[in-house]
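Content type compact mmCIF, C-alpha atoms, from the file my_file27.txt:
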# COMPACT_ATOMS: atom_id res chain seq x y z
CA MET A 1325 40.29 -119.10 -68.54
CA LEU A 1326 37.34 -119.31 -66.19
CA SER A 1327 34.03 -117.44 -66.36
CA LEU A 1328 33.52 -114.49 -64.01
CA ASP A 1329 31.21 -114.46 -61.03
CA LYS A 1330 28.18 -112.32 -61.86
CA THR A 1331 25.68 -110.07 -60.14
CA LYS A 1332 22.99 -107.52 -60.95
CA LEU A 1333 23.24 -105.75 -57.57
CA ILE A 1334 25.39 -102.69 -56.86
CA GLU A 1335 25.44 -103.84 -53.21
CA ASP A 1336 27.35 -106.97 -54.23
CA LEU A 1337 29.93 -104.81 -56.01
CA GLU A 1338 30.36 -102.61 -52.93
CA LYS A 1339 30.89 -105.71 -50.82
CA PHE A 1340 33.40 -107.05 -53.35
CA VAL A 1341 35.38 -103.80 -53.44
CA ASP A 1342 35.47 -103.57 -49.62
CA GLY A 1343 37.25 -100.22 -49.60
CA ARG A 1344 40.19 -101.31 -51.78
CA PRO A 1345 41.31 -99.48 -54.95
CA TYR A 1346 39.41 -101.00 -57.85
CA VAL A 1347 38.98 -100.68 -61.60
CA VAL A 1348 35.82 -100.72 -63.74
CA MET A 1349 35.84 -101.60 -67.45
CA PRO A 1350 33.19 -102.66 -69.99
CA LYS A 1351 32.30 -106.32 -70.40
CA MET A 1352 32.68 -106.75 -74.14
CA ASP A 1353 30.11 -108.96 -75.88
CA GLY A 1354 32.27 -110.72 -78.47
CA LEU A 1355 34.69 -113.64 -78.73
CA THR A 1356 37.42 -113.73 -76.09
CA CYS A 1357 40.88 -114.24 -77.55
CA THR A 1358 44.39 -114.56 -76.09
CA LEU A 1359 47.42 -113.25 -78.00
CA ARG A 1360 50.94 -114.47 -77.22
CA TYR A 1361 53.98 -112.49 -78.30
CA VAL A 1362 57.50 -113.95 -78.13
CA ASN A 1363 60.33 -111.42 -78.38
CA GLY A 1364 57.81 -108.92 -79.72
CA VAL A 1365 56.46 -111.15 -82.51
CA LEU A 1366 52.91 -112.52 -82.59
CA GLU A 1367 53.31 -116.25 -81.93
CA SER A 1368 49.72 -117.40 -81.45
CA ALA A 1369 46.10 -116.32 -81.12
CA ILE A 1370 43.70 -118.67 -79.32
CA THR A 1371 39.97 -118.35 -78.60
CA ARG A 1372 38.66 -118.99 -75.09
CA GLY A 1373 36.78 -122.08 -76.25
CA ASP A 1374 35.26 -123.90 -73.30
CA GLY A 1375 37.70 -122.33 -70.84
CA GLU A 1376 40.15 -125.22 -71.07
CA THR A 1377 40.57 -125.86 -74.80
CA GLY A 1378 40.43 -123.05 -77.35
CA GLU A 1379 40.83 -122.83 -81.12
CA LEU A 1380 44.02 -121.67 -82.78
CA ILE A 1381 43.17 -118.72 -85.06
CA THR A 1382 46.64 -117.21 -85.58
CA HIS A 1383 46.18 -117.12 -89.37
CA ASN A 1384 43.19 -114.79 -88.94
CA ALA A 1385 44.76 -112.70 -86.18
CA LYS A 1386 47.65 -111.77 -88.48
CA ALA A 1387 45.14 -110.36 -90.99
CA ILE A 1388 43.20 -108.24 -88.47
CA ALA A 1389 44.32 -104.61 -88.67
CA SER A 1390 43.90 -103.93 -84.95
CA ILE A 1391 46.24 -106.81 -83.96
CA PRO A 1392 49.91 -105.79 -84.37
CA ASN A 1393 52.09 -108.55 -85.81
CA THR A 1394 54.96 -107.09 -83.78
CA ILE A 1395 55.01 -104.94 -80.64
CA PRO A 1396 57.81 -102.56 -79.51
CA THR A 1397 59.02 -104.36 -76.38
CA LYS A 1398 62.08 -106.27 -75.20
CA ILE A 1399 60.02 -108.38 -72.80
CA PRO A 1400 60.56 -112.05 -73.86
CA GLU A 1401 56.93 -113.11 -73.52
CA VAL A 1402 53.78 -110.99 -73.47
CA ILE A 1403 50.28 -112.50 -73.18
CA ILE A 1404 47.27 -110.27 -73.79
CA ASP A 1405 43.56 -111.03 -73.36
CA GLY A 1406 40.95 -109.18 -75.37
CA GLU A 1407 37.77 -109.44 -77.39
CA LEU A 1408 37.16 -109.95 -81.08
CA MET A 1409 34.30 -107.61 -82.01
CA ILE A 1410 32.17 -106.49 -84.93
CA THR A 1411 30.62 -103.05 -84.57
CA ASN A 1412 26.87 -102.59 -84.79
CA ALA A 1413 27.27 -100.64 -88.04
CA ASP A 1414 29.33 -103.40 -89.68
CA PHE A 1415 26.84 -105.99 -88.45
CA THR A 1416 24.00 -104.08 -90.14
CA ARG A 1417 26.04 -103.63 -93.33
CA ILE A 1418 26.85 -107.35 -93.58
CA ASN A 1419 23.20 -108.37 -93.15
CA GLU A 1420 22.09 -105.77 -95.72
CA GLU A 1421 24.58 -107.23 -98.20
CA LEU A 1422 23.11 -110.68 -97.60
CA ILE A 1423 19.58 -109.33 -98.20
CA ASP A 1424 20.77 -107.83 -101.51
CA GLN A 1425 22.07 -111.30 -102.43
CA GLY A 1426 18.61 -112.79 -101.82
CA VAL A 1427 19.33 -114.44 -98.46
CA PRO A 1428 16.00 -114.94 -96.56
CA PHE A 1429 15.43 -113.03 -93.33
CA ASP A 1430 15.57 -116.14 -91.10
CA LYS A 1431 19.07 -116.93 -92.43
CA LEU A 1432 20.58 -113.56 -91.50
CA TYR A 1433 23.04 -113.22 -88.62
CA LYS A 1434 21.27 -112.83 -85.28
CA ASN A 1435 23.72 -110.61 -83.40
CA PRO A 1436 27.25 -109.12 -83.66
CA ARG A 1437 28.63 -111.56 -81.10
CA ASN A 1438 27.73 -114.70 -83.07
CA LEU A 1439 28.94 -113.09 -86.28
CA ALA A 1440 32.32 -112.19 -84.71
CA SER A 1441 32.65 -115.68 -83.25
CA GLY A 1442 31.89 -117.41 -86.54
CA THR A 1443 34.09 -115.08 -88.57
CA ALA A 1444 37.14 -115.60 -86.33
CA ARG A 1445 36.97 -119.37 -86.84
CA LEU A 1446 36.86 -119.30 -90.65
CA LEU A 1447 39.81 -120.59 -92.68
CA ASN A 1448 39.66 -117.65 -95.11
CA SER A 1449 41.42 -114.69 -93.46
CA GLN A 1450 40.17 -112.28 -96.12
CA ILE A 1451 36.63 -112.60 -94.70
CA CYS A 1452 37.93 -111.23 -91.37
CA VAL A 1453 39.24 -108.23 -93.30
CA ASP A 1454 36.05 -107.76 -95.32
CA ARG A 1455 33.88 -107.92 -92.20
CA ASN A 1456 36.20 -105.51 -90.36
CA LEU A 1457 36.75 -107.81 -87.38
CA LYS A 1458 38.39 -105.87 -84.55
CA PHE A 1459 40.43 -106.81 -81.49
CA VAL A 1460 39.94 -104.75 -78.31
CA ALA A 1461 42.42 -105.53 -75.53
CA TRP A 1462 41.36 -105.56 -71.90
CA LYS A 1463 44.08 -107.30 -69.90
CA VAL A 1464 47.82 -107.95 -69.85
CA TYR A 1465 48.03 -111.45 -68.43
CA LYS A 1466 51.81 -111.70 -68.63
CA GLY A 1467 54.58 -109.29 -69.52
CA PRO A 1468 55.41 -106.08 -67.65
CA GLU A 1469 56.11 -106.45 -63.94
CA GLU A 1470 53.76 -103.59 -63.02
CA ASN A 1471 51.54 -104.55 -60.07
CA SER A 1472 48.82 -102.09 -61.12
CA PHE A 1473 46.01 -103.07 -63.50
CA VAL A 1474 45.77 -99.43 -64.64
CA ASN A 1475 49.49 -99.22 -65.43
CA ARG A 1476 49.32 -102.45 -67.42
CA SER A 1477 46.44 -100.94 -69.37
CA VAL A 1478 48.71 -98.00 -70.26
CA PHE A 1479 51.27 -100.56 -71.48
CA LEU A 1480 48.65 -101.86 -73.93
CA ALA A 1481 48.30 -98.38 -75.41
CA HIS A 1482 52.07 -98.07 -75.79
CA MET A 1483 52.12 -101.39 -77.64
CA GLY A 1484 49.65 -100.05 -80.20
CA PHE A 1485 46.44 -101.80 -79.12
CA GLU A 1486 42.93 -100.45 -79.00
CA ARG A 1487 41.95 -101.01 -75.38
CA VAL A 1488 38.90 -100.78 -73.20
CA PRO A 1489 38.59 -97.76 -70.89
CA VAL A 1490 39.64 -98.45 -67.29
CA GLU A 1491 38.18 -96.34 -64.47
CA TRP A 1492 40.22 -96.32 -61.22
CA SER A 1493 38.70 -95.48 -57.84
CA HIS A 1494 38.86 -96.34 -54.16
CA ASP A 1495 35.38 -95.00 -53.36
CA PRO A 1496 32.50 -97.54 -53.71
CA SER A 1497 30.05 -94.66 -54.23
CA ASN A 1498 31.64 -94.09 -57.67
CA LEU A 1499 30.64 -97.52 -58.96
CA GLU A 1500 27.35 -96.54 -60.61
CA TYR A 1501 28.91 -93.45 -62.23
CA SER A 1502 31.78 -95.54 -63.64
CA ILE A 1503 29.38 -98.16 -65.00
CA GLU A 1504 27.38 -95.42 -66.79
CA LYS A 1505 30.64 -94.17 -68.34
CA MET A 1506 31.24 -97.68 -69.72
CA LYS A 1507 27.79 -97.65 -71.33
CA ASN A 1508 28.48 -94.28 -72.93
CA TRP A 1509 31.87 -95.43 -74.22
CA ALA A 1510 30.25 -98.45 -75.88
CA ILE A 1511 27.65 -96.24 -77.58
CA GLU A 1512 30.33 -93.83 -78.82
CA HIS A 1513 32.46 -96.67 -80.22
CA ASP A 1514 29.50 -98.64 -81.60
CA TYR A 1515 30.36 -101.79 -79.62
CA LYS A 1516 27.92 -104.11 -77.91
CA ILE A 1517 28.58 -104.67 -74.21
CA ASP A 1518 26.48 -106.69 -71.79
CA GLY A 1519 27.83 -105.43 -68.50
CA ALA A 1520 30.85 -104.11 -66.65
CA VAL A 1521 33.80 -105.87 -65.02
CA ILE A 1522 35.04 -104.79 -61.60
CA GLY A 1523 38.45 -105.92 -60.33
CA TYR A 1524 41.21 -104.96 -57.93
CA ASP A 1525 43.90 -102.60 -59.18
CA ASN A 1526 46.47 -104.43 -57.03
CA ILE A 1527 47.23 -107.46 -59.23
CA ALA A 1528 49.21 -109.37 -56.59
CA TYR A 1529 46.38 -108.99 -54.07
CA GLY A 1530 43.81 -110.16 -56.61
CA ASP A 1531 45.90 -113.18 -57.57
CA SER A 1532 46.39 -114.09 -53.89
CA LEU A 1533 42.63 -114.65 -53.54
CA GLY A 1534 42.81 -117.66 -55.87
CA TYR A 1535 39.88 -119.30 -57.64
CA THR A 1536 36.75 -121.28 -57.09
CA SER A 1537 36.02 -124.18 -59.45
CA HIS A 1538 33.95 -121.75 -61.54
CA HIS A 1539 35.50 -118.27 -61.34
CA PRO A 1540 38.51 -116.23 -60.21
CA ARG A 1541 38.05 -114.18 -57.03
CA ASN A 1542 39.89 -111.09 -58.29
CA GLN A 1543 37.08 -109.86 -60.58
CA ILE A 1544 33.29 -109.79 -60.74
CA ALA A 1545 30.91 -108.97 -63.59
CA PHE A 1546 27.97 -106.61 -63.26
CA LYS A 1547 25.33 -107.75 -65.76
CA PHE A 1548 22.94 -105.30 -67.44
CA TYR A 1549 20.57 -108.08 -68.54
CA ASP A 1550 20.33 -111.85 -68.92
CA GLU A 1551 22.36 -113.11 -71.87
CA LYS A 1552 20.42 -115.16 -74.45
CA TYR A 1553 21.70 -118.23 -76.28
CA SER A 1554 20.17 -119.71 -79.42
CA SER A 1555 19.19 -123.37 -79.79
CA ILE A 1556 16.58 -125.56 -81.52
CA LEU A 1557 13.51 -127.02 -79.78
CA ARG A 1558 13.54 -130.80 -80.25
CA ASP A 1559 10.80 -132.03 -77.93
CA VAL A 1560 8.50 -131.19 -75.03
CA LYS A 1561 8.52 -133.35 -71.89
CA TRP A 1562 5.38 -133.33 -69.73
CA THR A 1563 5.96 -133.66 -65.97
CA LEU A 1564 3.33 -134.35 -63.30
CA GLY A 1565 3.50 -132.29 -60.10
CA LYS A 1566 2.10 -133.09 -56.66
CA THR A 1567 -0.98 -130.93 -57.25
CA GLY A 1568 -1.89 -132.90 -60.38
CA GLN A 1569 -0.71 -130.14 -62.73
CA ILE A 1570 1.17 -131.37 -65.80
CA THR A 1571 4.02 -129.00 -66.69
CA PRO A 1572 5.65 -128.67 -70.14
CA THR A 1573 9.45 -128.68 -70.30
CA ALA A 1574 11.31 -127.65 -73.45
CA ILE A 1575 14.02 -130.05 -74.63
CA PHE A 1576 16.51 -128.35 -76.95
CA ASP A 1577 20.00 -128.74 -78.37
CA ALA A 1578 22.63 -128.29 -75.65
CA VAL A 1579 23.92 -124.76 -75.03
CA ASP A 1580 26.75 -123.70 -72.72
CA ILE A 1581 25.67 -120.96 -70.30
CA ASP A 1582 28.19 -119.65 -67.78
CA GLY A 1583 30.16 -122.89 -67.81
CA THR A 1584 27.21 -125.28 -67.48
CA THR A 1585 25.54 -127.32 -70.22
CA VAL A 1586 21.79 -126.67 -70.48
CA ARG A 1587 19.43 -128.92 -72.45
CA GLN A 1588 16.00 -128.16 -71.01
CA ALA A 1589 13.91 -125.43 -69.43
CA SER A 1590 10.44 -125.35 -67.92
CA MET A 1591 7.70 -123.50 -69.81
CA HIS A 1592 5.56 -123.55 -66.63
CA ASN A 1593 2.02 -123.78 -68.06
CA LEU A 1594 -0.04 -123.80 -71.26
CA THR A 1595 -0.54 -120.03 -71.34
CA ILE A 1596 3.19 -119.27 -71.24
CA MET A 1597 3.94 -122.02 -73.77
CA LYS A 1598 1.30 -120.64 -76.16
CA ASN A 1599 2.45 -117.05 -75.72
CA LEU A 1600 6.02 -118.13 -76.53
CA LYS A 1601 4.65 -119.72 -79.75
CA ALA A 1602 6.57 -122.89 -78.99
CA SER A 1603 7.07 -125.06 -82.06
CA ILE A 1604 9.12 -128.25 -82.54
CA GLY A 1605 12.13 -127.73 -84.78
CA LYS A 1606 12.09 -123.93 -84.45
CA PRO A 1607 14.91 -121.77 -83.00
CA CYS A 1608 14.53 -120.87 -79.33
CA TYR A 1609 16.49 -118.43 -77.18
CA VAL A 1610 17.55 -119.53 -73.72
CA PHE A 1611 18.80 -117.55 -70.72
CA LYS A 1612 19.37 -118.09 -67.01
CA ALA A 1613 16.86 -116.08 -64.99
CA ASN A 1614 18.81 -114.30 -62.23
CA MET A 1615 21.79 -116.22 -63.67
CA ILE A 1616 20.49 -119.44 -62.06
CA ILE A 1617 17.34 -120.98 -63.59
CA PRO A 1618 17.23 -121.82 -67.34
CA GLN A 1619 14.29 -120.14 -69.11
CA ILE A 1620 13.02 -119.72 -72.67
CA ASP A 1621 12.98 -116.07 -73.74
CA HIS A 1622 11.24 -116.52 -77.10
CA PHE A 1623 10.95 -118.65 -80.24
CA ASP A 1624 11.56 -117.73 -83.87
CA SER A 1625 8.08 -119.00 -84.71
CA ASP A 1626 4.89 -117.61 -86.23
CA GLU A 1627 2.48 -119.89 -84.39
CA PHE A 1628 2.12 -122.33 -81.50
CA ASP A 1629 2.56 -125.91 -82.72
CA ILE A 1630 2.77 -128.42 -79.85
CA ASP A 1631 0.49 -131.43 -79.26
CA ILE A 1632 -1.10 -131.14 -75.81
CA PRO A 1633 -1.40 -134.64 -74.28
CA LYS A 1634 -4.91 -135.96 -73.72
CA GLN A 1635 -3.69 -138.53 -71.17
CA CYS A 1636 -1.69 -138.18 -67.96
CA PRO A 1637 1.93 -139.29 -68.59
CA ILE A 1638 1.81 -141.40 -65.38
CA CYS A 1639 -1.64 -142.96 -64.84
CA LYS A 1640 -2.96 -142.55 -68.44
CA HIS A 1641 -6.26 -141.05 -67.20
CA LEU A 1642 -7.74 -138.16 -69.18
CA THR A 1643 -6.33 -134.67 -68.80
CA GLU A 1644 -8.26 -131.41 -68.79
CA ILE A 1645 -7.33 -127.78 -69.34
CA VAL A 1646 -8.23 -125.69 -66.30
CA LYS A 1647 -8.22 -121.88 -66.25
CA GLU A 1648 -6.84 -120.34 -63.06
CA LYS A 1649 -6.70 -116.51 -62.90
CA ASN A 1650 -6.41 -116.13 -66.70
CA THR A 1651 -3.77 -118.87 -66.83
CA GLU A 1652 -4.42 -122.21 -68.53
CA VAL A 1653 -2.91 -125.27 -66.85
CA LEU A 1654 -3.11 -128.93 -67.82
CA MET A 1655 -4.40 -131.21 -65.04
CA CYS A 1656 -4.70 -134.95 -64.48
CA THR A 1657 -8.35 -135.79 -63.72
CA ASN A 1658 -7.47 -138.81 -61.55
CA TYR A 1659 -7.47 -137.77 -57.87
CA ASN A 1660 -5.70 -141.03 -56.96
CA CYS A 1661 -3.07 -140.70 -59.70
CA SER A 1662 0.05 -142.56 -58.60
CA GLY A 1663 2.31 -139.81 -59.97
CA THR A 1664 0.56 -137.10 -57.96
CA MET A 1665 0.60 -139.20 -54.81
CA LEU A 1666 4.27 -140.11 -55.26
CA ASN A 1667 5.18 -136.43 -55.56
CA LYS A 1668 3.24 -135.65 -52.39
CA LEU A 1669 4.94 -138.53 -50.57
CA GLN A 1670 8.39 -137.34 -51.70
CA THR A 1671 7.65 -133.93 -50.19
CA PHE A 1672 6.35 -135.62 -47.02
CA VAL A 1673 9.51 -137.70 -46.44
CA GLY A 1674 11.93 -134.94 -47.58
CA LYS A 1675 14.00 -132.50 -45.55
CA SER A 1676 11.18 -129.96 -45.35
CA GLY A 1677 8.83 -132.69 -44.08
CA MET A 1678 9.59 -135.75 -41.92
CA ASP A 1679 13.24 -135.80 -43.12
CA ILE A 1680 13.42 -139.61 -43.34
CA ASP A 1681 17.07 -140.40 -44.06
CA GLY A 1682 17.64 -142.86 -46.93
CA LEU A 1683 14.09 -142.75 -48.28
CA GLY A 1684 14.70 -140.99 -51.62
CA GLY A 1685 12.56 -140.83 -54.75
CA ALA A 1686 13.81 -144.09 -56.31
CA THR A 1687 13.26 -146.10 -53.12
CA LEU A 1688 9.86 -144.55 -52.56
CA GLU A 1689 8.84 -145.42 -56.14
CA LEU A 1690 9.98 -149.02 -55.60
CA PHE A 1691 7.88 -149.26 -52.40
CA TRP A 1692 4.90 -147.81 -54.29
CA ASN A 1693 5.25 -150.28 -57.17
CA LYS A 1694 5.39 -153.21 -54.69
CA GLY A 1695 2.30 -151.93 -52.90
CA TYR A 1696 4.08 -151.27 -49.57
CA VAL A 1697 3.13 -147.55 -49.46
CA ARG A 1698 -0.19 -145.94 -50.40
CA SER A 1699 -0.66 -143.08 -47.91
CA PHE A 1700 1.15 -140.74 -45.53
CA VAL A 1701 0.24 -143.02 -42.63
Rewritten as C-alpha cells:
Amino acid sequence: MLSLDKTKLIEDLEKFVDGRPYVVMPKMDGLTCTLRYVNGVLESAITRGDGETGELITHNAKAIASIPNTIPTKIPEVIIDGELMITNADFTRINEELIDQGVPFDKLYKNPRNLASGTARLLNSQICVDRNLKFVAWKVYKGPEENSFVNRSVFLAHMGFERVPVEWSHDPSNLEYSIEKMKNWAIEHDYKIDGAVIGYDNIAYGDSLGYTSHHPRNQIAFKFYDEKYSSILRDVKWTLGKTGQITPTAIFDAVDIDGTTVRQASMHNLTIMKNLKASIGKPCYVFKANMIIPQIDHFDSDEFDIDIPKQCPICKHLTEIVKEKNTEVLMCTNYNCSGTMLNKLQTFVGKSGMDIDGLGGATLELFWNKGYVRSFV
C-alpha cells in the first residue's frame, strides 16, 4: 500500500483529472487499515505499517462496533480499505479523564491520529471499545466486479459500513466546491481530515496507469496543510557554508514522512533557532515544507537551551554573532577558513560553475589536504 502523490495546487488536480470522470473524497487523518472477509466472515485486519509490512490487529477489529464481523455477501473474498479514527470529542474526553487521574499536561495525547494509532495496536480490545475507536471505509480493493468507484462505494453501504462521502463529477471546475463539501462533512461528523483524495471513477483505467516507486497513478491527494510528525531533539550539528556562515541543523529521532526516513532538518540561523526555543531532549515537530524539505515547526519547550559554538567547526578560529536585517547569524571570523574556501571551490567546479567532471567534494577535499589546491586559479 503505497503513499499517494500530493499537491497543494488546484491546477495540478485539473491536470490530473484531464476531463475524465473523477471522484473526490476526504483524506482521513487516522490509521489506515485493511479488512479481509472470506465467505462473508472477517478473516483479518491489518494496519498499513510501512506500506509493505503491517500489524495484525484482528482481535481489536472484532471488538470495534463499526466493523461488522460478518457481511451479507456471497462473494468469496472481499478486501476493504479504511481508516481507524477517534472523533475530536472522544479525544477531548479521553485527555480530560487523564487530567482527572493526575496525568501531567505534557503526558497527554497530542492528537486524535496518534491516539487512534496507539489504541489500535494495544493487546486489550476493551480499550478500543472504551475509547470508541471507529472504522470509516473508503475503498473496496477487491470484491464486486463493478468498474465504478462510486458503485463500489454504494456496495460498502449495503455491507453495513460507515463510509466516506464520494463526490462524482466530470467537470474540473467542480473540484474546489467538492473539496469544500469534504471539509464540511468532516466538521459535521467530528472527524479530523488533512486533505482530499481525487481519483478516477473508472477503476480499470486507473489501474492501467500503474505505479511509480512511491505512489499509484490512479489517485492524488490535495493537502490542506503540511502534516507534522513528533520526534525528540538529540543534537545540533553546525555546518559551515561558503559565505562563512555557520548553520545549525537539528538531529532528532528518525520519523517516516511520506515514505522517506527523516533524521535532521536545518534551523537556518540563530534567530530562528531561538524563536523555536530549541532544547536538547525536548519534543520537536517536523514537517516537509511544500512536501519536499524537512523543517522544524516547533518544540515543546519553555526556553532556548543550546550551546552556541565559540569556535568554527572546521578551522577552530573564533566565531562571532552578526546581525543582518534583524536576523542573528553565526560567522567564522577567519577569512581564509579552509571550510569556507572548500565550499566556494565546490560551487566553482560544480555543474553551475566550470562543471569539471569527476572532481567531487571528496576528491576536492583530498587535494586541499595535500596542498594541491588553494585558489580558483
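When CA of Asn1475 in chain A is paired with CA of Glu1504 in chain A, their separation reads 22.5 Å.
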Q.
Please compute the CA of His1513 in chain A-CA of Leu1328 in chain A distance, one decimal, in Å.
A. 24.1 Å
Q: Measure the distance from CA of Lys1598 in chain A to CA of Ser1554 in chain A in Å and round it to one decimal.
A: 19.2 Å
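Counting only C-alpha atoms, the residue from A:Val1488, A:Ile1381, A:Cys1608, A:Ile1581 that sits nearest to Ser1555 in chain A is A:Cys1608.
Neighbours of Gly1523 in chain A closer than or equal to 7 Å, with all atoms listed in the file counted and sequence neighbours fewer than 3 positions away skipped, come out as Tyr1346, Val1347, Val1348, Asn1542, Gln1543 and Ile1544 of chain A.
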Atom completion result for range 1457-1465 of chain A (all heavy atoms) as a PDB file, in the frame of the given file:
ATOM      1  N   LEU A1457      36.627-107.249 -88.727  1.00  0.00           N
ATOM      2  CA  LEU A1457      36.750-107.810 -87.380  1.00  0.00           C
ATOM      3  C   LEU A1457      37.806-107.040 -86.601  1.00  0.00           C
ATOM      4  O   LEU A1457      38.894-106.761 -87.120  1.00  0.00           O
ATOM      5  CB  LEU A1457      37.135-109.293 -87.480  1.00  0.00           C
ATOM      6  CG  LEU A1457      37.020-110.131 -86.212  1.00  0.00           C
ATOM      7  CD1 LEU A1457      35.578-110.235 -85.751  1.00  0.00           C
ATOM      8  CD2 LEU A1457      37.584-111.536 -86.460  1.00  0.00           C
ATOM      9  N   LYS A1458      37.487-106.676 -85.365  1.00  0.00           N
ATOM     10  CA  LYS A1458      38.390-105.870 -84.550  1.00  0.00           C
ATOM     11  C   LYS A1458      38.791-106.614 -83.277  1.00  0.00           C
ATOM     12  O   LYS A1458      38.035-107.440 -82.765  1.00  0.00           O
ATOM     13  CB  LYS A1458      37.722-104.541 -84.163  1.00  0.00           C
ATOM     14  CG  LYS A1458      37.385-103.629 -85.334  1.00  0.00           C
ATOM     15  CD  LYS A1458      36.650-102.396 -84.833  1.00  0.00           C
ATOM     16  CE  LYS A1458      36.293-101.462 -85.970  1.00  0.00           C
ATOM     17  NZ  LYS A1458      37.465-100.808 -86.553  1.00  0.00           N
ATOM     18  N   PHE A1459      39.975-106.277 -82.769  1.00  0.00           N
ATOM     19  CA  PHE A1459      40.430-106.810 -81.490  1.00  0.00           C
ATOM     20  C   PHE A1459      40.551-105.643 -80.509  1.00  0.00           C
ATOM     21  O   PHE A1459      41.210-104.643 -80.789  1.00  0.00           O
ATOM     22  CB  PHE A1459      41.784-107.501 -81.628  1.00  0.00           C
ATOM     23  CG  PHE A1459      42.335-108.031 -80.327  1.00  0.00           C
ATOM     24  CD1 PHE A1459      41.916-109.263 -79.823  1.00  0.00           C
ATOM     25  CD2 PHE A1459      43.276-107.310 -79.597  1.00  0.00           C
ATOM     26  CE1 PHE A1459      42.425-109.759 -78.628  1.00  0.00           C
ATOM     27  CE2 PHE A1459      43.792-107.800 -78.397  1.00  0.00           C
ATOM     28  CZ  PHE A1459      43.363-109.026 -77.918  1.00  0.00           C
ATOM     29  N   VAL A1460      39.865-105.767 -79.361  1.00  0.00           N
ATOM     30  CA  VAL A1460      39.940-104.750 -78.310  1.00  0.00           C
ATOM     31  C   VAL A1460      40.558-105.402 -77.076  1.00  0.00           C
ATOM     32  O   VAL A1460      39.989-106.352 -76.524  1.00  0.00           O
ATOM     33  CB  VAL A1460      38.552-104.176 -77.980  1.00  0.00           C
ATOM     34  CG1 VAL A1460      38.678-103.049 -76.961  1.00  0.00           C
ATOM     35  CG2 VAL A1460      37.864-103.670 -79.244  1.00  0.00           C
ATOM     36  N   ALA A1461      41.700-104.926 -76.652  1.00  0.00           N
ATOM     37  CA  ALA A1461      42.420-105.530 -75.530  1.00  0.00           C
ATOM     38  C   ALA A1461      41.864-105.055 -74.199  1.00  0.00           C
ATOM     39  O   ALA A1461      41.476-103.890 -74.063  1.00  0.00           O
ATOM     40  CB  ALA A1461      43.908-105.188 -75.620  1.00  0.00           C
ATOM     41  N   TRP A1462      41.824-105.976 -73.223  1.00  0.00           N
ATOM     42  CA  TRP A1462      41.360-105.560 -71.900  1.00  0.00           C
ATOM     43  C   TRP A1462      42.229-106.046 -70.736  1.00  0.00           C
ATOM     44  O   TRP A1462      41.997-105.664 -69.597  1.00  0.00           O
ATOM     45  CB  TRP A1462      39.909-105.941 -71.644  1.00  0.00           C
ATOM     46  CG  TRP A1462      39.402-107.278 -72.097  1.00  0.00           C
ATOM     47  CD1 TRP A1462      38.644-107.523 -73.209  1.00  0.00           C
ATOM     48  CD2 TRP A1462      39.561-108.543 -71.464  1.00  0.00           C
ATOM     49  NE1 TRP A1462      38.335-108.867 -73.310  1.00  0.00           N
ATOM     50  CE2 TRP A1462      38.884-109.509 -72.239  1.00  0.00           C
ATOM     51  CE3 TRP A1462      40.217-108.967 -70.303  1.00  0.00           C
ATOM     52  CZ2 TRP A1462      38.854-110.864 -71.916  1.00  0.00           C
ATOM     53  CZ3 TRP A1462      40.185-110.312 -69.968  1.00  0.00           C
ATOM     54  CH2 TRP A1462      39.501-111.244 -70.774  1.00  0.00           C
ATOM     55  N   LYS A1463      43.268-106.827 -71.020  1.00  0.00           N
ATOM     56  CA  LYS A1463      44.080-107.300 -69.900  1.00  0.00           C
ATOM     57  C   LYS A1463      45.450-107.776 -70.370  1.00  0.00           C
ATOM     58  O   LYS A1463      45.556-108.476 -71.385  1.00  0.00           O
ATOM     59  CB  LYS A1463      43.364-108.462 -69.193  1.00  0.00           C
ATOM     60  CG  LYS A1463      44.128-109.072 -68.027  1.00  0.00           C
ATOM     61  CD  LYS A1463      43.359-110.248 -67.448  1.00  0.00           C
ATOM     62  CE  LYS A1463      44.115-110.923 -66.314  1.00  0.00           C
ATOM     63  NZ  LYS A1463      43.381-112.102 -65.795  1.00  0.00           N
ATOM     64  N   VAL A1464      46.487-107.380 -69.643  1.00  0.00           N
ATOM     65  CA  VAL A1464      47.820-107.950 -69.850  1.00  0.00           C
ATOM     66  C   VAL A1464      47.983-109.078 -68.839  1.00  0.00           C
ATOM     67  O   VAL A1464      48.123-108.836 -67.643  1.00  0.00           O
ATOM     68  CB  VAL A1464      48.937-106.903 -69.664  1.00  0.00           C
ATOM     69  CG1 VAL A1464      50.305-107.544 -69.901  1.00  0.00           C
ATOM     70  CG2 VAL A1464      48.743-105.734 -70.608  1.00  0.00           C
ATOM     71  N   TYR A1465      47.931-110.304 -69.329  1.00  0.00           N
ATOM     72  CA  TYR A1465      48.030-111.450 -68.430  1.00  0.00           C
ATOM     73  C   TYR A1465      49.470-111.700 -67.994  1.00  0.00           C
ATOM     74  O   TYR A1465      49.737-112.074 -66.853  1.00  0.00           O
ATOM     75  CB  TYR A1465      47.465-112.691 -69.136  1.00  0.00           C
ATOM     76  CG  TYR A1465      47.507-113.946 -68.296  1.00  0.00           C
ATOM     77  CD1 TYR A1465      46.593-114.174 -67.286  1.00  0.00           C
ATOM     78  CD2 TYR A1465      48.513-114.909 -68.504  1.00  0.00           C
ATOM     79  CE1 TYR A1465      46.635-115.311 -66.511  1.00  0.00           C
ATOM     80  CE2 TYR A1465      48.571-116.049 -67.738  1.00  0.00           C
ATOM     81  CZ  TYR A1465      47.631-116.256 -66.742  1.00  0.00           C
ATOM     82  OH  TYR A1465      47.693-117.384 -65.973  1.00  0.00           O
TER      83      TYR A1465
END
